[in-house]
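Enquirer: Got a file for you: upload.txt, compact mmCIF, C-alpha atoms and all ligand atoms.
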```
# COMPACT_ATOMS: atom_id res chain seq x y z
CA MET A 1 -2.88 -32.13 4.57
CA LYS A 2 0.51 -32.92 3.06
CA CYS A 3 2.90 -30.45 1.42
CA SER A 4 2.65 -30.78 -2.39
CA LYS A 5 6.45 -30.37 -2.61
CA CYS A 6 7.88 -32.58 0.15
CA GLY A 7 4.99 -34.49 1.72
CA GLY A 8 5.57 -32.76 5.07
CA TYR A 9 2.87 -31.20 7.26
CA ALA A 10 1.16 -28.44 5.23
CA VAL A 11 0.45 -25.12 6.97
CA ILE A 12 -1.46 -23.51 4.11
CA THR A 13 -3.54 -24.38 1.06
CA LEU A 14 -3.24 -22.14 -1.98
CA HIS A 15 -6.54 -22.69 -3.78
CA TYR A 16 -5.50 -20.67 -6.85
CA SER A 17 -2.67 -23.11 -7.60
CA GLN A 18 -4.25 -26.15 -5.91
CA THR A 19 -1.19 -26.69 -3.73
CA HIS A 20 -0.56 -27.30 -0.06
CA LEU A 21 2.70 -26.06 1.41
CA CYS A 22 4.69 -26.81 4.55
CA ARG A 23 6.31 -23.99 6.53
CA LYS A 24 9.63 -24.22 4.67
CA HIS A 25 8.16 -24.32 1.17
CA PHE A 26 5.60 -21.60 1.92
CA MET A 27 8.36 -19.27 3.20
CA GLN A 28 10.48 -19.99 0.14
CA MET A 29 7.59 -19.32 -2.25
CA PHE A 30 6.57 -16.15 -0.38
CA GLU A 31 10.03 -14.57 -0.24
CA ARG A 32 10.76 -15.53 -3.85
CA LYS A 33 7.54 -13.82 -4.96
CA PHE A 34 8.51 -10.66 -3.08
CA LYS A 35 12.03 -10.56 -4.55
CA ARG A 36 10.76 -11.31 -8.07
CA THR A 37 8.31 -8.40 -7.83
CA VAL A 38 11.07 -6.03 -6.70
CA ARG A 39 13.17 -7.14 -9.70
CA GLU A 40 10.29 -7.23 -12.21
CA PHE A 41 9.36 -3.58 -11.61
CA GLY A 42 12.94 -2.41 -10.95
CA MET A 43 11.72 -1.11 -7.61
CA ILE A 44 14.98 -0.68 -5.71
CA LYS A 45 18.50 0.19 -6.83
CA LYS A 46 21.59 -0.37 -4.73
CA GLY A 47 22.37 2.54 -2.44
CA GLU A 48 18.90 4.09 -2.61
CA LYS A 49 17.09 5.35 0.44
CA ILE A 50 13.71 3.71 0.88
CA ALA A 51 11.08 5.17 3.21
CA VAL A 52 8.53 2.59 4.33
CA GLY A 53 5.04 3.94 5.02
CA LEU A 54 4.49 2.03 8.25
CA SER A 55 1.06 1.71 9.80
CA GLY A 56 1.97 -1.01 12.30
CA GLY A 57 -0.57 -3.38 10.68
CA LYS A 58 0.41 -6.70 9.13
CA ASP A 59 1.11 -5.61 5.54
CA SER A 60 3.49 -2.74 6.19
CA THR A 61 5.15 -4.56 9.12
CA VAL A 62 5.84 -7.66 7.02
CA LEU A 63 7.08 -5.36 4.23
CA LEU A 64 9.48 -3.71 6.69
CA HIS A 65 10.89 -7.13 7.67
CA LEU A 66 11.23 -8.28 4.05
CA LEU A 67 12.97 -5.07 2.98
CA TYR A 68 15.25 -5.25 6.01
CA LYS A 69 16.29 -8.78 5.03
CA LEU A 70 16.80 -7.74 1.40
CA SER A 71 18.85 -4.69 2.40
CA LYS A 72 21.40 -6.99 4.04
CA LYS A 73 22.10 -8.63 0.67
CA HIS A 74 21.65 -5.71 -1.72
CA PRO A 75 22.65 -2.72 0.34
CA PHE A 76 20.15 0.11 0.44
CA GLU A 77 19.06 2.39 3.25
CA LEU A 78 15.80 1.93 5.08
CA ILE A 79 13.79 4.33 7.22
CA ALA A 80 10.18 4.19 8.41
CA LEU A 81 7.53 6.89 8.31
CA ILE A 82 4.81 6.14 10.84
CA VAL A 83 1.63 8.03 10.01
CA ASP A 84 -0.65 9.20 12.82
CA GLU A 85 -4.05 10.10 11.39
CA GLY A 86 -5.43 10.90 14.83
CA THR A 87 -8.05 8.18 15.10
CA GLY A 88 -7.83 7.50 18.82
CA GLU A 89 -6.93 4.30 20.65
CA TYR A 90 -6.86 2.17 17.50
CA ARG A 91 -4.04 4.28 16.07
CA LYS A 92 -2.11 4.56 19.32
CA LYS A 93 -1.84 0.77 19.56
CA LEU A 94 -0.64 0.46 15.96
CA ILE A 95 1.93 3.22 16.45
CA GLU A 96 3.33 1.40 19.50
CA ASN A 97 3.55 -1.75 17.40
CA ALA A 98 5.29 0.08 14.55
CA LYS A 99 7.83 1.65 16.92
CA ARG A 100 8.55 -1.70 18.58
CA GLU A 101 9.20 -3.40 15.21
CA CYS A 102 11.54 -0.58 14.12
CA ASN A 103 13.45 -0.87 17.38
CA ILE A 104 13.75 -4.67 17.02
CA LEU A 105 15.26 -4.24 13.54
CA GLY A 106 17.27 -1.12 14.39
CA ILE A 107 15.51 0.98 11.72
CA SER A 108 15.16 4.70 12.37
CA PHE A 109 11.64 6.07 12.20
CA LYS A 110 9.72 9.31 12.25
CA ILE A 111 6.12 9.78 13.35
CA VAL A 112 4.31 12.17 11.03
CA SER A 113 0.88 13.34 12.14
CA TYR A 114 -2.11 14.89 10.42
CA ALA A 115 -2.39 17.25 13.40
CA ASP A 116 1.05 18.73 12.70
CA PHE A 117 0.54 18.77 8.94
CA VAL A 118 -2.98 20.15 8.48
CA GLY A 119 -3.72 21.34 12.02
CA PHE A 120 -6.41 18.80 12.92
CA THR A 121 -6.82 15.10 13.58
CA LEU A 122 -9.02 12.92 11.40
CA ASN A 123 -11.33 12.41 14.40
CA ASP A 124 -11.73 16.20 14.75
CA ALA A 125 -12.51 16.71 11.06
CA VAL A 126 -14.98 13.84 10.83
CA GLY A 127 -16.64 14.71 14.14
CA LYS A 128 -17.41 18.27 12.98
CA ASN A 129 -18.15 17.55 9.31
CA LYS A 130 -20.67 14.75 8.97
CA GLN A 131 -20.84 15.22 5.19
CA VAL A 132 -17.17 14.27 4.77
CA ASN A 133 -16.19 10.76 3.74
CA PRO A 134 -13.37 9.95 6.21
CA CYS A 135 -11.45 7.74 3.79
CA SER A 136 -11.47 10.29 0.96
CA LEU A 137 -10.07 12.99 3.23
CA CYS A 138 -7.67 10.58 4.93
CA GLY A 139 -6.30 9.25 1.62
CA VAL A 140 -5.59 12.71 0.20
CA ILE A 141 -3.86 13.93 3.38
CA ARG A 142 -1.84 10.73 3.73
CA ARG A 143 -0.58 10.85 0.17
CA ARG A 144 0.63 14.44 0.49
CA LEU A 145 2.04 13.98 3.99
CA LEU A 146 4.04 10.87 3.06
CA ASN A 147 5.43 12.61 -0.01
CA LYS A 148 6.48 15.63 2.05
CA ALA A 149 8.03 13.54 4.82
CA ALA A 150 9.89 11.32 2.33
CA LYS A 151 11.30 14.37 0.52
CA GLU A 152 12.42 15.88 3.81
CA ALA A 153 14.10 12.60 4.74
CA GLY A 154 15.94 12.54 1.39
CA ALA A 155 14.25 9.27 0.37
CA ASP A 156 14.38 8.06 -3.24
CA LYS A 157 11.22 5.93 -2.97
CA ILE A 158 8.28 5.36 -0.66
CA ALA A 159 7.46 1.68 -0.09
CA ILE A 160 3.79 0.93 0.56
CA GLY A 161 2.42 -2.33 1.97
CA HIS A 162 -0.27 -2.73 -0.71
CA ASN A 163 -0.95 -6.42 -1.33
CA LEU A 164 -2.68 -8.23 -4.20
CA ASP A 165 -6.10 -7.68 -2.63
CA ASP A 166 -5.45 -3.94 -2.33
CA ALA A 167 -4.25 -3.78 -5.94
CA VAL A 168 -7.40 -5.48 -7.22
CA GLN A 169 -9.61 -3.20 -5.10
CA THR A 170 -7.78 -0.16 -6.50
CA VAL A 171 -8.45 -1.34 -10.06
CA PHE A 172 -12.18 -1.60 -9.31
CA MET A 173 -12.32 1.72 -7.45
CA ASN A 174 -10.73 3.61 -10.33
CA LEU A 175 -13.02 1.97 -12.86
CA MET A 176 -16.10 2.69 -10.73
CA ARG A 177 -15.06 6.34 -10.44
CA ASN A 178 -14.43 6.49 -14.18
CA GLU A 179 -10.81 7.43 -13.58
CA PRO A 180 -8.93 4.70 -15.48
CA LEU A 181 -5.90 6.91 -16.16
CA ARG A 182 -5.22 7.15 -12.44
CA LEU A 183 -4.25 3.49 -12.63
CA LEU A 184 -1.24 4.51 -14.66
CA ARG A 185 0.42 5.92 -11.59
CA TYR A 186 0.14 2.62 -9.73
CA ASN A 187 3.49 1.15 -10.76
CA GLU A 188 5.28 4.16 -12.21
CA PRO A 189 5.00 7.90 -11.61
CA LEU A 190 2.60 9.64 -14.00
CA VAL A 191 4.88 12.61 -14.21
CA ASN A 192 8.58 12.56 -13.53
CA SER A 193 9.20 15.43 -11.20
CA PRO A 194 11.53 15.82 -8.22
CA GLU A 195 8.40 17.04 -6.42
CA PHE A 196 6.99 13.52 -6.33
CA VAL A 197 8.75 10.69 -4.54
CA GLN A 198 8.07 7.49 -6.46
CA ARG A 199 5.94 4.88 -4.70
CA ILE A 200 6.75 1.19 -4.84
CA ARG A 201 4.53 -1.70 -3.79
CA PRO A 202 6.66 -4.84 -3.41
CA LEU A 203 3.75 -6.97 -2.06
CA ILE A 204 1.35 -6.46 -4.98
CA ARG A 205 1.64 -10.06 -6.14
CA ILE A 206 0.96 -11.52 -2.68
CA PRO A 207 -2.59 -12.17 -1.38
CA GLU A 208 -3.48 -10.65 2.00
CA LYS A 209 -4.08 -14.05 3.58
CA GLU A 210 -0.52 -15.20 2.79
CA ILE A 211 0.91 -12.06 4.41
CA ALA A 212 -1.02 -12.86 7.59
CA VAL A 213 0.30 -16.44 7.57
CA TYR A 214 3.88 -15.25 6.95
CA ALA A 215 3.62 -12.84 9.89
CA LEU A 216 2.29 -15.60 12.13
CA LEU A 217 4.95 -18.14 11.13
CA ASN A 218 7.73 -15.60 11.69
CA GLY A 219 6.43 -14.25 14.99
CA ILE A 220 6.11 -10.75 13.50
CA ASN A 221 4.00 -8.53 15.74
CA THR A 222 1.13 -7.00 13.85
CA GLY A 223 -1.62 -4.82 15.19
CA GLU A 224 -4.85 -6.17 13.81
CA SER A 225 -7.57 -3.83 14.97
CA GLU A 226 -9.55 -2.14 12.23
CA CYS A 227 -9.79 1.61 11.64
CA PRO A 228 -13.11 2.89 13.06
CA TYR A 229 -13.87 4.51 9.68
CA ALA A 230 -13.23 1.44 7.53
CA GLN A 231 -16.99 0.79 7.42
CA TYR A 232 -17.44 3.95 5.33
CA SER A 233 -14.99 2.95 2.64
CA LEU A 234 -15.88 1.82 -0.85
CA ARG A 235 -12.71 -0.27 -0.64
CA LYS A 236 -14.21 -2.42 2.10
CA GLU A 237 -17.37 -3.14 0.11
CA ILE A 238 -15.33 -4.10 -2.94
CA LYS A 239 -13.12 -6.29 -0.75
CA HIS A 240 -16.12 -8.34 0.43
CA LYS A 241 -17.46 -8.80 -3.09
CA VAL A 242 -14.08 -9.77 -4.56
CA ASN A 243 -13.48 -12.25 -1.71
CA GLU A 244 -16.84 -13.88 -2.41
CA ILE A 245 -15.95 -14.28 -6.07
CA GLU A 246 -12.43 -15.54 -5.25
CA GLU A 247 -13.90 -18.22 -3.01
CA LYS A 248 -16.13 -19.44 -5.82
CA TYR A 249 -13.56 -19.01 -8.58
CA PRO A 250 -10.05 -19.32 -7.09
CA GLY A 251 -7.41 -17.35 -8.97
CA THR A 252 -9.73 -14.48 -9.89
CA LYS A 253 -7.65 -11.87 -8.04
CA LEU A 254 -4.46 -12.93 -9.81
CA LYS A 255 -6.22 -12.86 -13.18
CA ILE A 256 -7.64 -9.38 -12.54
CA PHE A 257 -4.18 -8.15 -11.57
CA SER A 258 -2.60 -9.68 -14.68
CA SER A 259 -5.30 -8.06 -16.84
CA PHE A 260 -4.57 -4.74 -15.17
CA LEU A 261 -0.86 -5.03 -16.03
CA GLN A 262 -1.73 -5.70 -19.67
CA MET A 263 -4.22 -2.82 -19.79
CA GLU A 264 -1.66 -0.57 -18.15
CA LYS A 265 0.84 -1.31 -20.94
CA LEU A 266 -1.73 -0.54 -23.62
CA MET A 267 -2.87 2.66 -21.92
CA ARG A 268 0.72 3.89 -21.62
CA GLN A 269 1.11 3.54 -25.38
CA SER A 270 -1.86 5.79 -26.02
CA VAL A 271 -1.06 8.65 -23.65
CA SER A 272 1.72 11.18 -23.77
CA ASP A 273 3.22 13.70 -21.37
CA LYS A 274 0.83 16.31 -22.82
CA ASP A 275 -2.06 14.46 -21.17
CA PHE A 276 -0.60 15.20 -17.77
CA VAL A 277 0.21 18.88 -17.73
CA LEU A 278 0.67 20.07 -14.17
CA SER A 279 0.74 23.57 -12.76
CA LYS A 280 1.16 24.98 -9.29
CA CYS A 281 -1.85 25.02 -6.97
CA LYS A 282 -3.02 28.61 -6.51
CA LYS A 283 -3.35 28.09 -2.79
CA CYS A 284 -0.45 25.92 -1.65
CA GLY A 285 1.93 25.87 -4.62
CA GLU A 286 2.04 22.05 -4.92
CA LEU A 287 1.88 20.55 -8.41
CA THR A 288 -1.66 19.71 -9.51
CA SER A 289 -3.69 19.06 -12.67
CA SER A 290 -6.28 21.74 -11.79
CA ASP A 291 -6.11 25.33 -10.53
CA VAL A 292 -6.46 24.29 -6.92
CA CYS A 293 -5.18 20.91 -5.69
CA MET A 294 -7.43 18.25 -4.21
CA LEU A 295 -6.08 18.74 -0.69
CA CYS A 296 -6.78 22.49 -0.71
CA ARG A 297 -10.27 21.90 -2.11
CA MET A 298 -10.99 19.38 0.63
CA LEU A 299 -9.62 21.63 3.36
CA ASP A 300 -11.84 24.46 2.04
CA SER A 301 -14.92 22.26 2.23
CA ILE A 302 -14.61 21.43 5.93
CA SER A 303 -15.11 23.61 8.96
CA LEU A 304 -13.27 23.19 12.25
FE1 LIG A 401 -7.96 6.38 6.62
FE2 LIG A 401 -10.23 5.15 5.81
FE3 LIG A 401 -7.95 3.77 6.03
FE4 LIG A 401 -9.21 4.64 8.22
S1 LIG A 401 -9.99 3.12 6.73
S2 LIG A 401 -7.01 4.75 7.83
S3 LIG A 401 -10.02 6.59 7.50
S4 LIG A 401 -8.37 5.47 4.60
ZN ZN A 402 -3.09 23.18 -2.93
```
Spit out the file's structure as structure tokens when you get a sec.
Expert:
Amino acid sequence: MKCSKCGGYAVITLHYSQTHLCRKHFMQMFERKFKRTVREFGMIKKGEKIAVGLSGGKDSTVLLHLLYKLSKKHPFELIALIVDEGTGEYRKKLIENAKRECNILGISFKIVSYADFVGFTLNDAVGKNKQVNPCSLCGVIRRRLLNKAAKEAGADKIAIGHNLDDAVQTVFMNLMRNEPLRLLRYNEPLVNSPEFVQRIRPLIRIPEKEIAVYALLNGINTGESECPYAQYSLRKEIKHKVNEIEEKYPGTKLKIFSSFLQMEKLMRQSVSDKDFVLSKCKKCGELTSSDVCMLCRMLDSISL
């Protein structure tokens, strides 16, 4: 296959735009898309401190490399927060990978573990509480832990390696749970409070497959084993379905994401701050929309 731009040897075919690209033109397109997304959403200001939520997998590791490169041109500070859920060998390998990449780039990192934060590993909790959905518990702990660690590190933003596929899955998950307003916090904070460190997702316009190809072409080490609990996640089921549709109708993911951005704009016009009144959780004191926050409710429902 020949590159649609220069006629050179193509390394990838982008079905959604019916183009083939050589290494050089793919890299250009990829990095441009990343930078445009950062600009489009005003994700990073000069001098800010950005904490990357680093799993050691391909998305967050590629994000770390891209942000590192960008920070050399538009100075901002970069640190990595490596989360240890406590899921055995799979996690240990990814943590080693994450540490190695930070050392290669000279980025300081901190390992933050569920065990230190809530007093148990995910494996412990799931092993003793068969009724618990691992991903629901994991997601709630991770969100709170990253926020806490970023605040302690003095970070202005938390950068997450969510790609286009993740963004589309999140849209479906929120619709299926009848929680459309939660989508409003995807690109901007729902409530401006110093208690919440804003999250940014600079890869949301890039399909997962392109991130894997970019990592490969740049010799970026990525740990590719899958979390042992991924099979229980609604996200994984949606991923399969969306991939099937994308294969039949290329460009579907991009169209769903564009629709989401339009819906997000409309929804923002019809809600006000009054719709998001927060008070302190009666148990832990963190801001929440109900009497007791989701994390405390989940911790109450499990026995260890
Ligand atoms: Fe956590 Fe589920 Fe992701 Fe595993 S697949 S890391 S349990 S959210
Ligand atoms: Zn609480």
Enquirer: Looking at all atoms listed in the file, which of A:Val118, A:Gln18, A:Leu184, A:Lys72 is the one that sits closest to ligand ZN 402 (chain A)?
Expert: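 Smallest separation from ligand ZN 402 (chain A) among the options: A:Val118.
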Enquirer: As a quick test: using all atoms listed in the file, which residues lie no more than 10 Å away from ligand ZN 402 (chain A)? Give them as a CSV table (one decimal) with C-alpha atoms, keeping the file's coordinate frame.
Expert:
```csv
chain,number,residue,atom,x,y,z
A,280,LYS,CA,1.2,25.0,-9.3
A,281,CYS,CA,-1.8,25.0,-7.0
A,282,LYS,CA,-3.0,28.6,-6.5
A,283,LYS,CA,-3.4,28.1,-2.8
A,284,CYS,CA,-0.4,25.9,-1.6
A,285,GLY,CA,1.9,25.9,-4.6
A,286,GLU,CA,2.0,22.0,-4.9
A,287,LEU,CA,1.9,20.6,-8.4
A,288,THR,CA,-1.7,19.7,-9.5
A,290,SER,CA,-6.3,21.7,-11.8
A,291,ASP,CA,-6.1,25.3,-10.5
A,292,VAL,CA,-6.5,24.3,-6.9
A,293,CYS,CA,-5.2,20.9,-5.7
A,294,MET,CA,-7.4,18.2,-4.2
A,295,LEU,CA,-6.1,18.7,-0.7
A,296,CYS,CA,-6.8,22.5,-0.7
A,297,ARG,CA,-10.3,21.9,-2.1
A,298,MET,CA,-11.0,19.4,0.6
A,299,LEU,CA,-9.6,21.6,3.4
```
Enquirer: May I ask for the distance between CA of His240 (chain A) and atom S1 of ligand LIG 401 (chain A), given in Å to one decimal place?
Expert: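 Here the two named atoms are 14.4 Å from each other.
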Enquirer: May I have a table of the residues of chain A lying at most 12 Å from ligand LIG 401 (chain A), giving each one's closest pair of atoms and their distance in Å to one decimal, counting only C-alpha atoms and all ligand atoms, ordered by chain and ascending residue number, as JSON lines?
Expert:
```
{"residue": "A:Leu54", "atom": "CA", "partner": "A:LIG401", "partner_atom": "S2", "distance": 11.8}
{"residue": "A:Ser55", "atom": "CA", "partner": "A:LIG401", "partner_atom": "S2", "distance": 8.8}
{"residue": "A:Gly56", "atom": "CA", "partner": "A:LIG401", "partner_atom": "S2", "distance": 11.6}
{"residue": "A:Gly57", "atom": "CA", "partner": "A:LIG401", "partner_atom": "S2", "distance": 10.8}
{"residue": "A:Val83", "atom": "CA", "partner": "A:LIG401", "partner_atom": "S2", "distance": 9.5}
{"residue": "A:Asp84", "atom": "CA", "partner": "A:LIG401", "partner_atom": "S2", "distance": 9.2}
{"residue": "A:Glu85", "atom": "CA", "partner": "A:LIG401", "partner_atom": "S2", "distance": 7.1}
{"residue": "A:Gly86", "atom": "CA", "partner": "A:LIG401", "partner_atom": "S2", "distance": 9.5}
{"residue": "A:Thr87", "atom": "CA", "partner": "A:LIG401", "partner_atom": "FE4", "distance": 7.8}
{"residue": "A:Gly88", "atom": "CA", "partner": "A:LIG401", "partner_atom": "FE4", "distance": 11.1}
{"residue": "A:Tyr90", "atom": "CA", "partner": "A:LIG401", "partner_atom": "FE4", "distance": 9.9}
{"residue": "A:Arg91", "atom": "CA", "partner": "A:LIG401", "partner_atom": "S2", "distance": 8.8}
{"residue": "A:Leu94", "atom": "CA", "partner": "A:LIG401", "partner_atom": "S2", "distance": 11.2}
{"residue": "A:Tyr114", "atom": "CA", "partner": "A:LIG401", "partner_atom": "FE1", "distance": 11.0}
{"residue": "A:Thr121", "atom": "CA", "partner": "A:LIG401", "partner_atom": "S3", "distance": 10.9}
{"residue": "A:Leu122", "atom": "CA", "partner": "A:LIG401", "partner_atom": "S3", "distance": 7.5}
{"residue": "A:Asn123", "atom": "CA", "partner": "A:LIG401", "partner_atom": "S3", "distance": 9.1}
{"residue": "A:Ala125", "atom": "CA", "partner": "A:LIG401", "partner_atom": "S3", "distance": 11.0}
{"residue": "A:Val126", "atom": "CA", "partner": "A:LIG401", "partner_atom": "S3", "distance": 9.4}
{"residue": "A:Val132", "atom": "CA", "partner": "A:LIG401", "partner_atom": "S3", "distance": 10.8}
{"residue": "A:Asn133", "atom": "CA", "partner": "A:LIG401", "partner_atom": "S3", "distance": 8.3}
{"residue": "A:Pro134", "atom": "CA", "partner": "A:LIG401", "partner_atom": "S3", "distance": 4.9}
{"residue": "A:Cys135", "atom": "CA", "partner": "A:LIG401", "partner_atom": "FE2", "distance": 3.5}
{"residue": "A:Ser136", "atom": "CA", "partner": "A:LIG401", "partner_atom": "S4", "distance": 6.8}
{"residue": "A:Leu137", "atom": "CA", "partner": "A:LIG401", "partner_atom": "S3", "distance": 7.7}
{"residue": "A:Cys138", "atom": "CA", "partner": "A:LIG401", "partner_atom": "FE1", "distance": 4.5}
{"residue": "A:Gly139", "atom": "CA", "partner": "A:LIG401", "partner_atom": "S4", "distance": 5.2}
{"residue": "A:Val140", "atom": "CA", "partner": "A:LIG401", "partner_atom": "S4", "distance": 8.9}
{"residue": "A:Ile141", "atom": "CA", "partner": "A:LIG401", "partner_atom": "FE1", "distance": 9.2}
{"residue": "A:Arg142", "atom": "CA", "partner": "A:LIG401", "partner_atom": "FE1", "distance": 8.0}
{"residue": "A:Arg143", "atom": "CA", "partner": "A:LIG401", "partner_atom": "S4", "distance": 10.5}
{"residue": "A:Asp166", "atom": "CA", "partner": "A:LIG401", "partner_atom": "FE3", "distance": 11.6}
{"residue": "A:Ser225", "atom": "CA", "partner": "A:LIG401", "partner_atom": "FE4", "distance": 11.0}
{"residue": "A:Glu226", "atom": "CA", "partner": "A:LIG401", "partner_atom": "S1", "distance": 7.6}
{"residue": "A:Cys227", "atom": "CA", "partner": "A:LIG401", "partner_atom": "FE4", "distance": 4.6}
{"residue": "A:Pro228", "atom": "CA", "partner": "A:LIG401", "partner_atom": "FE4", "distance": 6.5}
{"residue": "A:Tyr229", "atom": "CA", "partner": "A:LIG401", "partner_atom": "FE4", "distance": 4.9}
{"residue": "A:Ala230", "atom": "CA", "partner": "A:LIG401", "partner_atom": "S1", "distance": 3.7}
{"residue": "A:Gln231", "atom": "CA", "partner": "A:LIG401", "partner_atom": "S1", "distance": 7.4}
{"residue": "A:Tyr232", "atom": "CA", "partner": "A:LIG401", "partner_atom": "FE2", "distance": 7.3}
{"residue": "A:Ser233", "atom": "CA", "partner": "A:LIG401", "partner_atom": "FE2", "distance": 6.1}
{"residue": "A:Leu234", "atom": "CA", "partner": "A:LIG401", "partner_atom": "FE2", "distance": 9.3}
{"residue": "A:Arg235", "atom": "CA", "partner": "A:LIG401", "partner_atom": "S1", "distance": 8.6}
{"residue": "A:Lys236", "atom": "CA", "partner": "A:LIG401", "partner_atom": "S1", "distance": 8.4}
{"residue": "A:Glu237", "atom": "CA", "partner": "A:LIG401", "partner_atom": "S1", "distance": 11.7}
```
Enquirer: Any chance you could export the current selection's C-alpha atoms as a PDB file, in the frame of the given file?
Expert:
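Writing the result to result-v4.pdb gives the following:
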```
ATOM      1  CA  LEU A  54       4.490   2.030   8.250  1.00  0.00           C
ATOM      2  CA  SER A  55       1.060   1.710   9.800  1.00  0.00           C
ATOM      3  CA  GLY A  56       1.970  -1.010  12.300  1.00  0.00           C
ATOM      4  CA  GLY A  57      -0.570  -3.380  10.680  1.00  0.00           C
ATOM      5  CA  VAL A  83       1.630   8.030  10.010  1.00  0.00           C
ATOM      6  CA  ASP A  84      -0.650   9.200  12.820  1.00  0.00           C
ATOM      7  CA  GLU A  85      -4.050  10.100  11.390  1.00  0.00           C
ATOM      8  CA  GLY A  86      -5.430  10.900  14.830  1.00  0.00           C
ATOM      9  CA  THR A  87      -8.050   8.180  15.100  1.00  0.00           C
ATOM     10  CA  GLY A  88      -7.830   7.500  18.820  1.00  0.00           C
ATOM     11  CA  TYR A  90      -6.860   2.170  17.500  1.00  0.00           C
ATOM     12  CA  ARG A  91      -4.040   4.280  16.070  1.00  0.00           C
ATOM     13  CA  LEU A  94      -0.640   0.460  15.960  1.00  0.00           C
ATOM     14  CA  TYR A 114      -2.110  14.890  10.420  1.00  0.00           C
ATOM     15  CA  THR A 121      -6.820  15.100  13.580  1.00  0.00           C
ATOM     16  CA  LEU A 122      -9.020  12.920  11.400  1.00  0.00           C
ATOM     17  CA  ASN A 123     -11.330  12.410  14.400  1.00  0.00           C
ATOM     18  CA  ALA A 125     -12.510  16.710  11.060  1.00  0.00           C
ATOM     19  CA  VAL A 126     -14.980  13.840  10.830  1.00  0.00           C
ATOM     20  CA  VAL A 132     -17.170  14.270   4.770  1.00  0.00           C
ATOM     21  CA  ASN A 133     -16.190  10.760   3.740  1.00  0.00           C
ATOM     22  CA  PRO A 134     -13.370   9.950   6.210  1.00  0.00           C
ATOM     23  CA  CYS A 135     -11.450   7.740   3.790  1.00  0.00           C
ATOM     24  CA  SER A 136     -11.470  10.290   0.960  1.00  0.00           C
ATOM     25  CA  LEU A 137     -10.070  12.990   3.230  1.00  0.00           C
ATOM     26  CA  CYS A 138      -7.670  10.580   4.930  1.00  0.00           C
ATOM     27  CA  GLY A 139      -6.300   9.250   1.620  1.00  0.00           C
ATOM     28  CA  VAL A 140      -5.590  12.710   0.200  1.00  0.00           C
ATOM     29  CA  ILE A 141      -3.860  13.930   3.380  1.00  0.00           C
ATOM     30  CA  ARG A 142      -1.840  10.730   3.730  1.00  0.00           C
ATOM     31  CA  ARG A 143      -0.580  10.850   0.170  1.00  0.00           C
ATOM     32  CA  ASP A 166      -5.450  -3.940  -2.330  1.00  0.00           C
ATOM     33  CA  SER A 225      -7.570  -3.830  14.970  1.00  0.00           C
ATOM     34  CA  GLU A 226      -9.550  -2.140  12.230  1.00  0.00           C
ATOM     35  CA  CYS A 227      -9.790   1.610  11.640  1.00  0.00           C
ATOM     36  CA  PRO A 228     -13.110   2.890  13.060  1.00  0.00           C
ATOM     37  CA  TYR A 229     -13.870   4.510   9.680  1.00  0.00           C
ATOM     38  CA  ALA A 230     -13.230   1.440   7.530  1.00  0.00           C
ATOM     39  CA  GLN A 231     -16.990   0.790   7.420  1.00  0.00           C
ATOM     40  CA  TYR A 232     -17.440   3.950   5.330  1.00  0.00           C
ATOM     41  CA  SER A 233     -14.990   2.950   2.640  1.00  0.00           C
ATOM     42  CA  LEU A 234     -15.880   1.820  -0.850  1.00  0.00           C
ATOM     43  CA  ARG A 235     -12.710  -0.270  -0.640  1.00  0.00           C
ATOM     44  CA  LYS A 236     -14.210  -2.420   2.100  1.00  0.00           C
ATOM     45  CA  GLU A 237     -17.370  -3.140   0.110  1.00  0.00           C
TER      46      GLU A 237
END
```
Enquirer: Please, what distance in Å, to one decimal, runs between CA of Asn243 (chain A) and CA of Asn178 (chain A)?
Expert: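 Answer for the CA of Asn243 (chain A) to CA of Asn178 (chain A) separation: 22.5 Å.
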Enquirer: Would you compute the distance between CA of Ile50 (chain A) and CA of Ala212 (chain A)? Give it in Å to one decimal.
Expert: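 Atom-to-atom, CA of Ile50 (chain A) and CA of Ala212 (chain A) are spaced 23.2 Å apart.
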Enquirer: The residues within 12 Å of (-4.9, -4.1, -15.8), using only C-alpha atoms and the coordinates of the file, should be reported as a CSV table (one decimal) with C-alpha atoms, in the frame of the given file; which are they?
Expert:
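What landed in result-v4.csv:
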```csv
chain,number,residue,atom,x,y,z
A,167,ALA,CA,-4.2,-3.8,-5.9
A,168,VAL,CA,-7.4,-5.5,-7.2
A,169,GLN,CA,-9.6,-3.2,-5.1
A,170,THR,CA,-7.8,-0.2,-6.5
A,171,VAL,CA,-8.4,-1.3,-10.1
A,172,PHE,CA,-12.2,-1.6,-9.3
A,174,ASN,CA,-10.7,3.6,-10.3
A,175,LEU,CA,-13.0,2.0,-12.9
A,180,PRO,CA,-8.9,4.7,-15.5
A,181,LEU,CA,-5.9,6.9,-16.2
A,182,ARG,CA,-5.2,7.2,-12.4
A,183,LEU,CA,-4.2,3.5,-12.6
A,184,LEU,CA,-1.2,4.5,-14.7
A,186,TYR,CA,0.1,2.6,-9.7
A,187,ASN,CA,3.5,1.2,-10.8
A,253,LYS,CA,-7.6,-11.9,-8.0
A,254,LEU,CA,-4.5,-12.9,-9.8
A,255,LYS,CA,-6.2,-12.9,-13.2
A,256,ILE,CA,-7.6,-9.4,-12.5
A,257,PHE,CA,-4.2,-8.2,-11.6
A,258,SER,CA,-2.6,-9.7,-14.7
A,259,SER,CA,-5.3,-8.1,-16.8
A,260,PHE,CA,-4.6,-4.7,-15.2
A,261,LEU,CA,-0.9,-5.0,-16.0
A,262,GLN,CA,-1.7,-5.7,-19.7
A,263,MET,CA,-4.2,-2.8,-19.8
A,264,GLU,CA,-1.7,-0.6,-18.2
A,265,LYS,CA,0.8,-1.3,-20.9
A,266,LEU,CA,-1.7,-0.5,-23.6
A,267,MET,CA,-2.9,2.7,-21.9
A,268,ARG,CA,0.7,3.9,-21.6
```
